[in-house]
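Visitor: This is start_16.cif, which holds mmCIF, N, CA and C atoms and all ligand atoms:
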```
data_structure
loop_
_atom_site.label_atom_id
_atom_site.label_comp_id
_atom_site.auth_asym_id
_atom_site.auth_seq_id
_atom_site.Cartn_x
_atom_site.Cartn_y
_atom_site.Cartn_z
N MET A 1 24.84 -7.70 43.04
CA MET A 1 24.77 -6.58 43.98
C MET A 1 25.23 -7.08 45.36
N ASN A 2 26.46 -6.73 45.76
CA ASN A 2 26.93 -7.25 47.04
C ASN A 2 26.62 -6.27 48.19
N GLN A 3 26.96 -6.71 49.39
CA GLN A 3 26.60 -5.92 50.58
C GLN A 3 27.28 -4.56 50.61
N GLU A 4 28.49 -4.51 50.06
CA GLU A 4 29.20 -3.23 50.05
C GLU A 4 28.48 -2.24 49.13
N THR A 5 28.03 -2.75 47.99
CA THR A 5 27.29 -1.91 47.05
C THR A 5 26.01 -1.39 47.70
N VAL A 6 25.30 -2.30 48.35
CA VAL A 6 24.04 -1.92 49.01
C VAL A 6 24.30 -0.86 50.08
N ALA A 7 25.34 -1.07 50.87
CA ALA A 7 25.64 -0.12 51.96
C ALA A 7 26.04 1.25 51.40
N LEU A 8 26.83 1.26 50.33
CA LEU A 8 27.25 2.53 49.73
C LEU A 8 26.04 3.31 49.23
N VAL A 9 25.12 2.60 48.60
CA VAL A 9 23.92 3.26 48.05
C VAL A 9 23.02 3.74 49.19
N GLN A 10 22.79 2.88 50.17
CA GLN A 10 21.88 3.26 51.26
C GLN A 10 22.44 4.42 52.06
N ASN A 11 23.72 4.42 52.34
CA ASN A 11 24.30 5.50 53.15
C ASN A 11 24.35 6.82 52.38
N SER A 12 24.68 6.75 51.11
CA SER A 12 24.74 8.00 50.34
C SER A 12 23.33 8.55 50.10
N TRP A 13 22.35 7.66 49.94
CA TRP A 13 20.97 8.11 49.71
C TRP A 13 20.44 8.92 50.89
N LYS A 14 20.85 8.54 52.12
CA LYS A 14 20.38 9.26 53.32
C LYS A 14 20.69 10.75 53.20
N LYS A 15 21.84 11.06 52.61
CA LYS A 15 22.25 12.47 52.49
C LYS A 15 21.45 13.19 51.41
N VAL A 16 20.97 12.44 50.42
CA VAL A 16 20.17 13.06 49.37
C VAL A 16 18.71 13.18 49.84
N ALA A 17 18.26 12.20 50.61
CA ALA A 17 16.86 12.18 51.05
C ALA A 17 16.51 13.42 51.88
N VAL A 18 17.48 13.97 52.60
CA VAL A 18 17.19 15.16 53.41
C VAL A 18 17.03 16.42 52.55
N ILE A 19 17.46 16.36 51.30
CA ILE A 19 17.23 17.49 50.39
C ILE A 19 16.37 17.04 49.21
N ALA A 20 15.40 16.15 49.51
CA ALA A 20 14.63 15.50 48.44
C ALA A 20 13.98 16.47 47.44
N PRO A 21 13.30 17.54 47.89
CA PRO A 21 12.65 18.41 46.89
C PRO A 21 13.67 19.07 45.95
N GLN A 22 14.80 19.52 46.52
CA GLN A 22 15.84 20.13 45.68
C GLN A 22 16.43 19.08 44.73
N ALA A 23 16.64 17.88 45.25
CA ALA A 23 17.22 16.82 44.42
C ALA A 23 16.27 16.48 43.27
N ALA A 24 14.97 16.46 43.56
CA ALA A 24 13.99 16.16 42.50
C ALA A 24 14.04 17.25 41.43
N ASN A 25 14.11 18.51 41.85
CA ASN A 25 14.21 19.62 40.88
C ASN A 25 15.45 19.49 40.02
N LEU A 26 16.57 19.22 40.68
CA LEU A 26 17.83 19.06 39.94
C LEU A 26 17.71 17.92 38.95
N PHE A 27 17.08 16.83 39.40
CA PHE A 27 16.95 15.66 38.53
C PHE A 27 16.20 16.02 37.24
N TYR A 28 15.07 16.71 37.37
CA TYR A 28 14.30 17.04 36.16
C TYR A 28 15.04 18.06 35.29
N GLN A 29 15.76 18.98 35.93
CA GLN A 29 16.59 19.91 35.14
C GLN A 29 17.62 19.13 34.32
N ASN A 30 18.27 18.18 34.97
CA ASN A 30 19.28 17.37 34.28
C ASN A 30 18.65 16.54 33.17
N LEU A 31 17.48 15.98 33.49
CA LEU A 31 16.82 15.10 32.51
C LEU A 31 16.40 15.88 31.27
N PHE A 32 15.78 17.03 31.48
CA PHE A 32 15.27 17.78 30.33
C PHE A 32 16.41 18.48 29.56
N ALA A 33 17.52 18.76 30.26
CA ALA A 33 18.69 19.30 29.55
C ALA A 33 19.27 18.21 28.64
N ALA A 34 19.25 16.98 29.13
CA ALA A 34 19.81 15.87 28.34
C ALA A 34 18.92 15.54 27.15
N ASP A 35 17.61 15.61 27.36
CA ASP A 35 16.69 15.28 26.27
C ASP A 35 15.37 16.05 26.43
N PRO A 36 15.30 17.23 25.81
CA PRO A 36 14.08 18.06 25.94
C PRO A 36 12.83 17.36 25.39
N ASN A 37 13.02 16.35 24.55
CA ASN A 37 11.86 15.63 24.00
C ASN A 37 11.10 14.84 25.06
N LEU A 38 11.72 14.65 26.23
CA LEU A 38 11.04 13.87 27.28
C LEU A 38 10.01 14.72 28.02
N LYS A 39 10.14 16.02 27.91
CA LYS A 39 9.28 16.94 28.67
C LYS A 39 7.79 16.66 28.47
N PRO A 40 7.33 16.53 27.23
CA PRO A 40 5.89 16.33 27.02
C PRO A 40 5.33 15.04 27.61
N LEU A 41 6.21 14.09 27.97
CA LEU A 41 5.70 12.85 28.57
C LEU A 41 5.16 13.12 29.98
N PHE A 42 5.68 14.18 30.60
CA PHE A 42 5.27 14.52 31.98
C PHE A 42 4.10 15.49 31.91
N LYS A 43 2.93 14.99 32.26
CA LYS A 43 1.72 15.78 32.08
C LYS A 43 1.19 16.36 33.39
N GLY A 44 1.64 15.78 34.50
CA GLY A 44 1.07 16.20 35.79
C GLY A 44 1.90 17.31 36.44
N ASP A 45 1.55 17.60 37.67
CA ASP A 45 2.25 18.60 38.48
C ASP A 45 3.66 18.09 38.81
N MET A 46 4.69 18.86 38.49
CA MET A 46 6.05 18.36 38.63
C MET A 46 6.51 18.26 40.09
N ASP A 47 5.93 19.06 40.97
CA ASP A 47 6.29 18.91 42.38
C ASP A 47 5.79 17.57 42.93
N LYS A 48 4.57 17.25 42.53
CA LYS A 48 3.98 15.97 42.96
C LYS A 48 4.77 14.81 42.35
N GLN A 49 5.07 14.95 41.07
CA GLN A 49 5.83 13.93 40.37
C GLN A 49 7.20 13.71 41.02
N GLY A 50 7.87 14.82 41.36
CA GLY A 50 9.18 14.74 41.99
C GLY A 50 9.11 14.03 43.33
N LYS A 51 8.04 14.32 44.06
CA LYS A 51 7.85 13.69 45.37
C LYS A 51 7.67 12.17 45.21
N GLU A 52 6.84 11.80 44.23
CA GLU A 52 6.60 10.37 43.99
C GLU A 52 7.88 9.66 43.56
N LEU A 53 8.65 10.34 42.74
CA LEU A 53 9.92 9.75 42.28
C LEU A 53 10.85 9.51 43.46
N MET A 54 10.98 10.54 44.32
CA MET A 54 11.89 10.41 45.46
C MET A 54 11.40 9.33 46.43
N GLN A 55 10.06 9.26 46.62
CA GLN A 55 9.53 8.23 47.52
C GLN A 55 9.80 6.84 46.96
N MET A 56 9.68 6.72 45.63
CA MET A 56 9.90 5.40 45.02
C MET A 56 11.37 5.01 45.11
N ILE A 57 12.27 5.97 44.87
CA ILE A 57 13.70 5.65 44.99
C ILE A 57 14.01 5.29 46.45
N ASP A 58 13.41 6.04 47.37
CA ASP A 58 13.62 5.78 48.79
C ASP A 58 13.19 4.35 49.15
N ALA A 59 12.01 3.97 48.66
CA ALA A 59 11.49 2.62 48.94
C ALA A 59 12.39 1.56 48.32
N ALA A 60 12.82 1.82 47.09
CA ALA A 60 13.65 0.83 46.38
C ALA A 60 15.00 0.68 47.09
N VAL A 61 15.60 1.80 47.45
CA VAL A 61 16.90 1.76 48.13
C VAL A 61 16.78 0.99 49.46
N GLY A 62 15.65 1.19 50.13
CA GLY A 62 15.42 0.49 51.40
C GLY A 62 15.20 -1.01 51.24
N LYS A 63 14.86 -1.43 50.03
CA LYS A 63 14.54 -2.85 49.80
C LYS A 63 15.59 -3.59 48.99
N LEU A 64 16.79 -3.03 48.91
CA LEU A 64 17.82 -3.67 48.09
C LEU A 64 18.22 -5.05 48.64
N ASN A 65 17.95 -5.26 49.93
CA ASN A 65 18.22 -6.58 50.50
C ASN A 65 16.97 -7.44 50.55
N ASP A 66 15.92 -6.98 49.91
CA ASP A 66 14.65 -7.71 49.90
C ASP A 66 14.10 -7.69 48.47
N LEU A 67 14.84 -8.33 47.58
CA LEU A 67 14.49 -8.27 46.16
C LEU A 67 13.16 -8.96 45.87
N GLU A 68 12.80 -9.91 46.72
CA GLU A 68 11.53 -10.61 46.54
C GLU A 68 10.35 -9.62 46.60
N THR A 69 10.50 -8.61 47.45
CA THR A 69 9.48 -7.57 47.55
C THR A 69 9.68 -6.50 46.48
N LEU A 70 10.95 -6.14 46.25
CA LEU A 70 11.25 -5.02 45.36
C LEU A 70 10.92 -5.32 43.89
N VAL A 71 11.28 -6.51 43.43
CA VAL A 71 11.13 -6.80 41.99
C VAL A 71 9.68 -6.63 41.51
N PRO A 72 8.68 -7.21 42.19
CA PRO A 72 7.30 -7.00 41.72
C PRO A 72 6.86 -5.53 41.75
N ILE A 73 7.38 -4.76 42.69
CA ILE A 73 7.06 -3.32 42.73
C ILE A 73 7.61 -2.64 41.47
N LEU A 74 8.84 -2.99 41.12
CA LEU A 74 9.46 -2.39 39.92
C LEU A 74 8.76 -2.86 38.65
N GLN A 75 8.30 -4.11 38.66
CA GLN A 75 7.60 -4.61 37.48
C GLN A 75 6.30 -3.86 37.24
N GLY A 76 5.57 -3.63 38.33
CA GLY A 76 4.32 -2.87 38.21
C GLY A 76 4.59 -1.44 37.75
N LEU A 77 5.63 -0.83 38.34
CA LEU A 77 6.03 0.53 37.98
C LEU A 77 6.37 0.59 36.49
N ALA A 78 7.11 -0.40 36.02
CA ALA A 78 7.54 -0.43 34.61
C ALA A 78 6.34 -0.53 33.68
N GLN A 79 5.38 -1.35 34.07
CA GLN A 79 4.22 -1.54 33.19
C GLN A 79 3.40 -0.25 33.12
N ARG A 80 3.32 0.50 34.23
CA ARG A 80 2.64 1.80 34.17
C ARG A 80 3.43 2.75 33.27
N HIS A 81 4.76 2.63 33.28
CA HIS A 81 5.59 3.52 32.46
C HIS A 81 5.38 3.29 30.96
N VAL A 82 5.03 2.08 30.58
CA VAL A 82 4.72 1.84 29.16
C VAL A 82 3.56 2.77 28.76
N GLY A 83 2.59 2.86 29.64
CA GLY A 83 1.43 3.73 29.40
C GLY A 83 1.79 5.22 29.37
N TYR A 84 2.90 5.59 30.02
CA TYR A 84 3.33 7.00 30.01
C TYR A 84 4.12 7.32 28.74
N GLY A 85 4.33 6.30 27.89
CA GLY A 85 5.08 6.53 26.65
C GLY A 85 6.59 6.35 26.81
N VAL A 86 7.01 5.74 27.91
CA VAL A 86 8.45 5.55 28.17
C VAL A 86 8.98 4.38 27.35
N GLN A 87 10.13 4.61 26.73
CA GLN A 87 10.77 3.58 25.89
C GLN A 87 12.08 3.13 26.50
N THR A 88 12.55 1.96 26.05
CA THR A 88 13.77 1.36 26.62
C THR A 88 14.94 2.34 26.68
N ALA A 89 15.17 3.06 25.59
CA ALA A 89 16.34 3.96 25.53
C ALA A 89 16.28 5.05 26.60
N HIS A 90 15.06 5.39 27.04
CA HIS A 90 14.92 6.47 28.03
C HIS A 90 15.55 6.09 29.37
N TYR A 91 15.63 4.78 29.65
CA TYR A 91 16.18 4.36 30.95
C TYR A 91 17.64 4.79 31.09
N GLN A 92 18.38 4.77 29.98
CA GLN A 92 19.78 5.21 30.01
C GLN A 92 19.85 6.72 30.32
N THR A 93 18.99 7.48 29.67
CA THR A 93 18.97 8.93 29.86
C THR A 93 18.63 9.26 31.32
N VAL A 94 17.63 8.55 31.85
CA VAL A 94 17.23 8.78 33.24
C VAL A 94 18.35 8.37 34.20
N GLY A 95 19.03 7.27 33.89
CA GLY A 95 20.14 6.82 34.73
C GLY A 95 21.25 7.86 34.78
N ASN A 96 21.58 8.43 33.62
CA ASN A 96 22.63 9.46 33.58
C ASN A 96 22.20 10.70 34.37
N ALA A 97 20.93 11.08 34.23
CA ALA A 97 20.43 12.26 34.95
C ALA A 97 20.45 12.01 36.46
N LEU A 98 20.15 10.79 36.84
CA LEU A 98 20.17 10.44 38.27
C LEU A 98 21.59 10.51 38.82
N LEU A 99 22.54 9.95 38.08
CA LEU A 99 23.94 9.98 38.54
C LEU A 99 24.45 11.42 38.65
N ARG A 100 24.08 12.22 37.69
CA ARG A 100 24.51 13.63 37.71
C ARG A 100 23.90 14.34 38.94
N THR A 101 22.64 14.02 39.23
CA THR A 101 21.97 14.62 40.38
C THR A 101 22.64 14.20 41.69
N LEU A 102 23.02 12.93 41.76
CA LEU A 102 23.70 12.44 42.97
C LEU A 102 25.04 13.14 43.13
N GLU A 103 25.71 13.34 42.01
CA GLU A 103 27.00 14.03 42.04
C GLU A 103 26.82 15.46 42.59
N GLN A 104 25.77 16.13 42.11
CA GLN A 104 25.51 17.51 42.56
C GLN A 104 25.09 17.54 44.02
N GLY A 105 24.28 16.55 44.42
CA GLY A 105 23.74 16.54 45.78
C GLY A 105 24.76 16.11 46.82
N LEU A 106 25.68 15.24 46.41
CA LEU A 106 26.62 14.66 47.37
C LEU A 106 27.97 15.35 47.38
N ASN A 107 28.23 16.13 46.34
CA ASN A 107 29.53 16.80 46.23
C ASN A 107 30.68 15.82 46.43
N GLY A 108 31.54 16.14 47.43
CA GLY A 108 32.72 15.32 47.66
C GLY A 108 32.42 13.90 48.12
N ASP A 109 31.19 13.67 48.60
CA ASP A 109 30.83 12.31 49.03
C ASP A 109 30.49 11.41 47.84
N PHE A 110 30.44 11.99 46.65
CA PHE A 110 30.18 11.18 45.45
C PHE A 110 31.52 10.61 44.97
N THR A 111 32.02 9.65 45.72
CA THR A 111 33.33 9.05 45.41
C THR A 111 33.18 8.09 44.23
N PRO A 112 34.27 7.68 43.62
CA PRO A 112 34.18 6.68 42.54
C PRO A 112 33.46 5.41 43.00
N GLU A 113 33.65 5.03 44.27
CA GLU A 113 32.98 3.82 44.79
C GLU A 113 31.47 4.02 44.86
N VAL A 114 31.06 5.21 45.32
CA VAL A 114 29.62 5.52 45.42
C VAL A 114 29.02 5.56 44.01
N LYS A 115 29.74 6.16 43.09
CA LYS A 115 29.26 6.23 41.71
C LYS A 115 29.10 4.81 41.12
N ALA A 116 30.10 3.98 41.36
CA ALA A 116 30.04 2.60 40.82
C ALA A 116 28.87 1.84 41.44
N ALA A 117 28.64 2.05 42.74
CA ALA A 117 27.56 1.34 43.43
C ALA A 117 26.20 1.78 42.86
N TRP A 118 26.00 3.08 42.66
CA TRP A 118 24.73 3.57 42.11
C TRP A 118 24.54 3.11 40.65
N THR A 119 25.65 3.08 39.91
CA THR A 119 25.56 2.64 38.52
C THR A 119 25.07 1.19 38.48
N LYS A 120 25.61 0.39 39.39
CA LYS A 120 25.21 -1.02 39.48
C LYS A 120 23.73 -1.14 39.86
N VAL A 121 23.35 -0.44 40.92
CA VAL A 121 21.98 -0.57 41.44
C VAL A 121 20.97 -0.03 40.43
N TYR A 122 21.24 1.13 39.84
CA TYR A 122 20.30 1.64 38.84
C TYR A 122 20.22 0.68 37.66
N GLY A 123 21.37 0.10 37.28
CA GLY A 123 21.40 -0.85 36.15
C GLY A 123 20.51 -2.06 36.42
N VAL A 124 20.57 -2.57 37.63
CA VAL A 124 19.73 -3.73 37.98
C VAL A 124 18.25 -3.33 37.95
N MET A 125 17.94 -2.16 38.52
CA MET A 125 16.55 -1.69 38.52
C MET A 125 16.05 -1.48 37.09
N ALA A 126 16.88 -0.85 36.27
CA ALA A 126 16.47 -0.59 34.89
C ALA A 126 16.29 -1.91 34.12
N ASP A 127 17.18 -2.87 34.36
CA ASP A 127 17.04 -4.17 33.68
C ASP A 127 15.71 -4.83 34.02
N VAL A 128 15.37 -4.80 35.31
CA VAL A 128 14.10 -5.41 35.75
C VAL A 128 12.93 -4.68 35.09
N MET A 129 13.01 -3.35 35.07
CA MET A 129 11.89 -2.56 34.53
C MET A 129 11.78 -2.74 33.01
N ILE A 130 12.91 -2.75 32.32
CA ILE A 130 12.87 -2.90 30.86
C ILE A 130 12.29 -4.28 30.50
N ALA A 131 12.74 -5.31 31.22
CA ALA A 131 12.21 -6.66 30.94
C ALA A 131 10.71 -6.70 31.18
N ALA A 132 10.26 -6.05 32.26
CA ALA A 132 8.82 -6.06 32.58
C ALA A 132 8.03 -5.26 31.55
N SER A 133 8.61 -4.21 30.99
CA SER A 133 7.86 -3.44 29.98
C SER A 133 7.70 -4.26 28.71
N LYS A 134 8.69 -5.07 28.42
CA LYS A 134 8.60 -5.89 27.21
C LYS A 134 7.60 -7.02 27.39
N SER A 135 7.52 -7.53 28.61
CA SER A 135 6.62 -8.67 28.83
C SER A 135 5.16 -8.25 28.74
N LYS A 136 4.93 -6.94 28.80
CA LYS A 136 3.52 -6.48 28.70
C LYS A 136 3.09 -6.42 27.25
N ALA A 137 4.07 -6.13 26.37
CA ALA A 137 3.74 -5.89 24.96
C ALA A 137 3.18 -7.15 24.29
C1 LIG B 201 14.23 3.48 38.20
C2 LIG B 201 13.53 4.15 37.31
C3 LIG B 201 12.28 4.95 37.58
C4 LIG B 201 11.60 5.19 38.74
C5 LIG B 201 11.96 4.72 40.15
C6 LIG B 201 10.44 5.99 38.39
C7 LIG B 201 9.46 6.42 39.28
C8 LIG B 201 8.25 6.98 38.92
C9 LIG B 201 7.10 7.16 39.79
C10 LIG B 201 7.05 6.72 41.25
C11 LIG B 201 6.11 7.72 39.07
C12 LIG B 201 4.70 8.08 39.60
C13 LIG B 201 3.59 7.31 38.90
C14 LIG B 201 3.61 5.82 39.15
O1 LIG B 201 3.96 5.34 40.23
O2 LIG B 201 3.23 5.09 38.21
C15 LIG B 201 6.62 7.93 37.74
C16 LIG B 201 5.93 8.50 36.69
C17 LIG B 201 6.50 8.82 35.46
N1 LIG B 201 7.77 8.52 35.06
FE1 LIG B 201 9.11 7.41 36.05
N2 LIG B 201 10.45 6.25 37.05
C18 LIG B 201 11.57 5.64 36.52
C19 LIG B 201 11.96 5.67 35.20
C20 LIG B 201 11.42 6.52 34.25
C21 LIG B 201 11.95 6.69 32.91
C22 LIG B 201 13.13 5.94 32.31
C23 LIG B 201 11.17 7.62 32.31
C24 LIG B 201 11.39 8.15 30.91
C25 LIG B 201 11.36 9.42 30.62
C26 LIG B 201 10.13 8.02 33.26
C27 LIG B 201 9.09 8.90 33.03
C28 LIG B 201 7.95 9.01 33.79
C29 LIG B 201 6.71 9.67 33.34
C30 LIG B 201 6.51 10.34 31.99
C31 LIG B 201 5.79 9.55 34.40
C32 LIG B 201 4.34 10.05 34.42
C33 LIG B 201 4.27 11.51 34.64
C34 LIG B 201 2.87 12.05 34.58
O3 LIG B 201 1.92 11.36 34.96
O4 LIG B 201 2.75 13.18 34.16
N3 LIG B 201 10.33 7.33 34.43
N4 LIG B 201 7.93 7.48 37.68
#
```
Would you mind writing the structure in this file as structure tokens?
Ligand code: HEM

Guide:
Amino acid sequence: MNQETVALVQNSWKKVAVIAPQAANLFYQNLFAADPNLKPLFKGDMDKQGKELMQMIDAAVGKLNDLETLVPILQGLAQRHVGYGVQTAHYQTVGNALLRTLEQGLNGDFTPEVKAAWTKVYGVMADVMIAASKSKA
């Protein structure tokens, strides 16, 4: 993850963060359209859930240059996700739904470079989380 990747993600996220509630709604629409079987895993209030998701992405994006802090946060998050019934394959589905949401939220600002940067960053986050979920088992 180089500095250009980090800057592309951080700058594009600022534009999504200002429409966070709408982005969260779009994200869950995209996610459940891609895999309706994921719906029953979400048991709580979806507005609250969407807020927590956006806050976590916000925190993670802000810490891309501080992996020493970010990695343990993601590891803890991943271990809680095992308890929510989340499986390895779901990370790909969530990644695709996130990219689609960014595309919708950013419109013309979702350039191939921005897409590549988010693909890289989500991939690193998912790798850390998947490894941490396995280490709990
Ligand atoms: C980078 C990846 C992800 C991030 C940043 C993220 C973020 C969060 C956050 C912040 C919460 C709130 C509860 C907590 O902090 O433990 C949460 C809950 C949850 N997430 Fe994720 N998540 C990610 C990946 C996934 C994936 C791959 C799935 C699979 C479908 C998933 C499904 C859920 C479910 C089912 C809950 C609990 C909902 C409930 O309590 O009703 N998440 N997630």

Visitor: Which residue gives the smallest distance to Leu106 of chain A among A:Ser12, A:Leu41, A:Gly62, A:Thr5, with only N, CA and C atoms counted?

Guide: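 Smallest distance to Leu106 of chain A is found for A:Ser12.
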
Visitor: Let me have all residues with an atom within 7 Å of ligand LIG 201 (chain B), counting only N, CA and C atoms and all ligand atoms, laid out as a count of residues only.

Guide: 34

Visitor: Excluding Ala24 of chain A and its own-chain neighbours fewer than 3 positions away, which residues fall within 7 Å of it when counting all atoms listed in the file? Please give them as a CSV table (one decimal) with N, CA and C atoms, in the frame of the given file.

Guide:
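What ended up in part-v7.csv:
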```
chain,number,residue,atom,x,y,z
A,19,ILE,N,17.5,16.4,51.3
A,19,ILE,CA,17.2,17.5,50.4
A,19,ILE,C,16.4,17.0,49.2
A,20,ALA,N,15.4,16.2,49.5
A,20,ALA,CA,14.6,15.5,48.4
A,20,ALA,C,14.0,16.5,47.4
A,21,PRO,N,13.3,17.5,47.9
A,21,PRO,CA,12.6,18.4,46.9
A,21,PRO,C,13.7,19.1,46.0
A,27,PHE,N,17.1,16.8,39.4
A,27,PHE,CA,17.0,15.7,38.5
A,27,PHE,C,16.2,16.0,37.2
A,28,TYR,N,15.1,16.7,37.4
A,28,TYR,CA,14.3,17.0,36.2
A,28,TYR,C,15.0,18.1,35.3
A,29,GLN,N,15.8,19.0,35.9
A,29,GLN,CA,16.6,19.9,35.1
A,29,GLN,C,17.6,19.1,34.3
A,50,GLY,N,7.9,14.8,41.4
A,50,GLY,CA,9.2,14.7,42.0
A,50,GLY,C,9.1,14.0,43.3
A,51,LYS,N,8.0,14.3,44.1
A,51,LYS,CA,7.8,13.7,45.4
A,51,LYS,C,7.7,12.2,45.2
A,54,MET,N,11.0,10.5,44.3
A,54,MET,CA,11.9,10.4,45.5
A,54,MET,C,11.4,9.3,46.4
```

Visitor: As an exercise, work out the distance from atom CA of Asn37 of chain A to atom C of Ala59 of chain A in Å and give it to one decimal place.

Guide: 28.1 Å

Visitor: A:Val18, A:Leu70, A:Ala7, A:Leu26: which is nearest Leu102 of chain A, counting only C-alpha atoms?

Guide: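 Distance minimum relative to Leu102 of chain A lands on A:Leu26.
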
Visitor: May I ask for the distance between atom N of Asn30 of chain A and atom CA of Asp47 of chain A, given in Å to one decimal place?

Guide: 14.1 Å

Visitor: Calculate, to one decimal in Å, the centre and edge lengths of the box along x, y and z of the file that holds all listed atoms of segment 108-113 of chain A with 4 Å of margin on each side, and present them as JSON.

Guide:
```
{"center_x": 32.2, "center_y": 10.0, "center_z": 45.8, "size_x": 12.1, "size_y": 20.3, "size_z": 14.5}
```
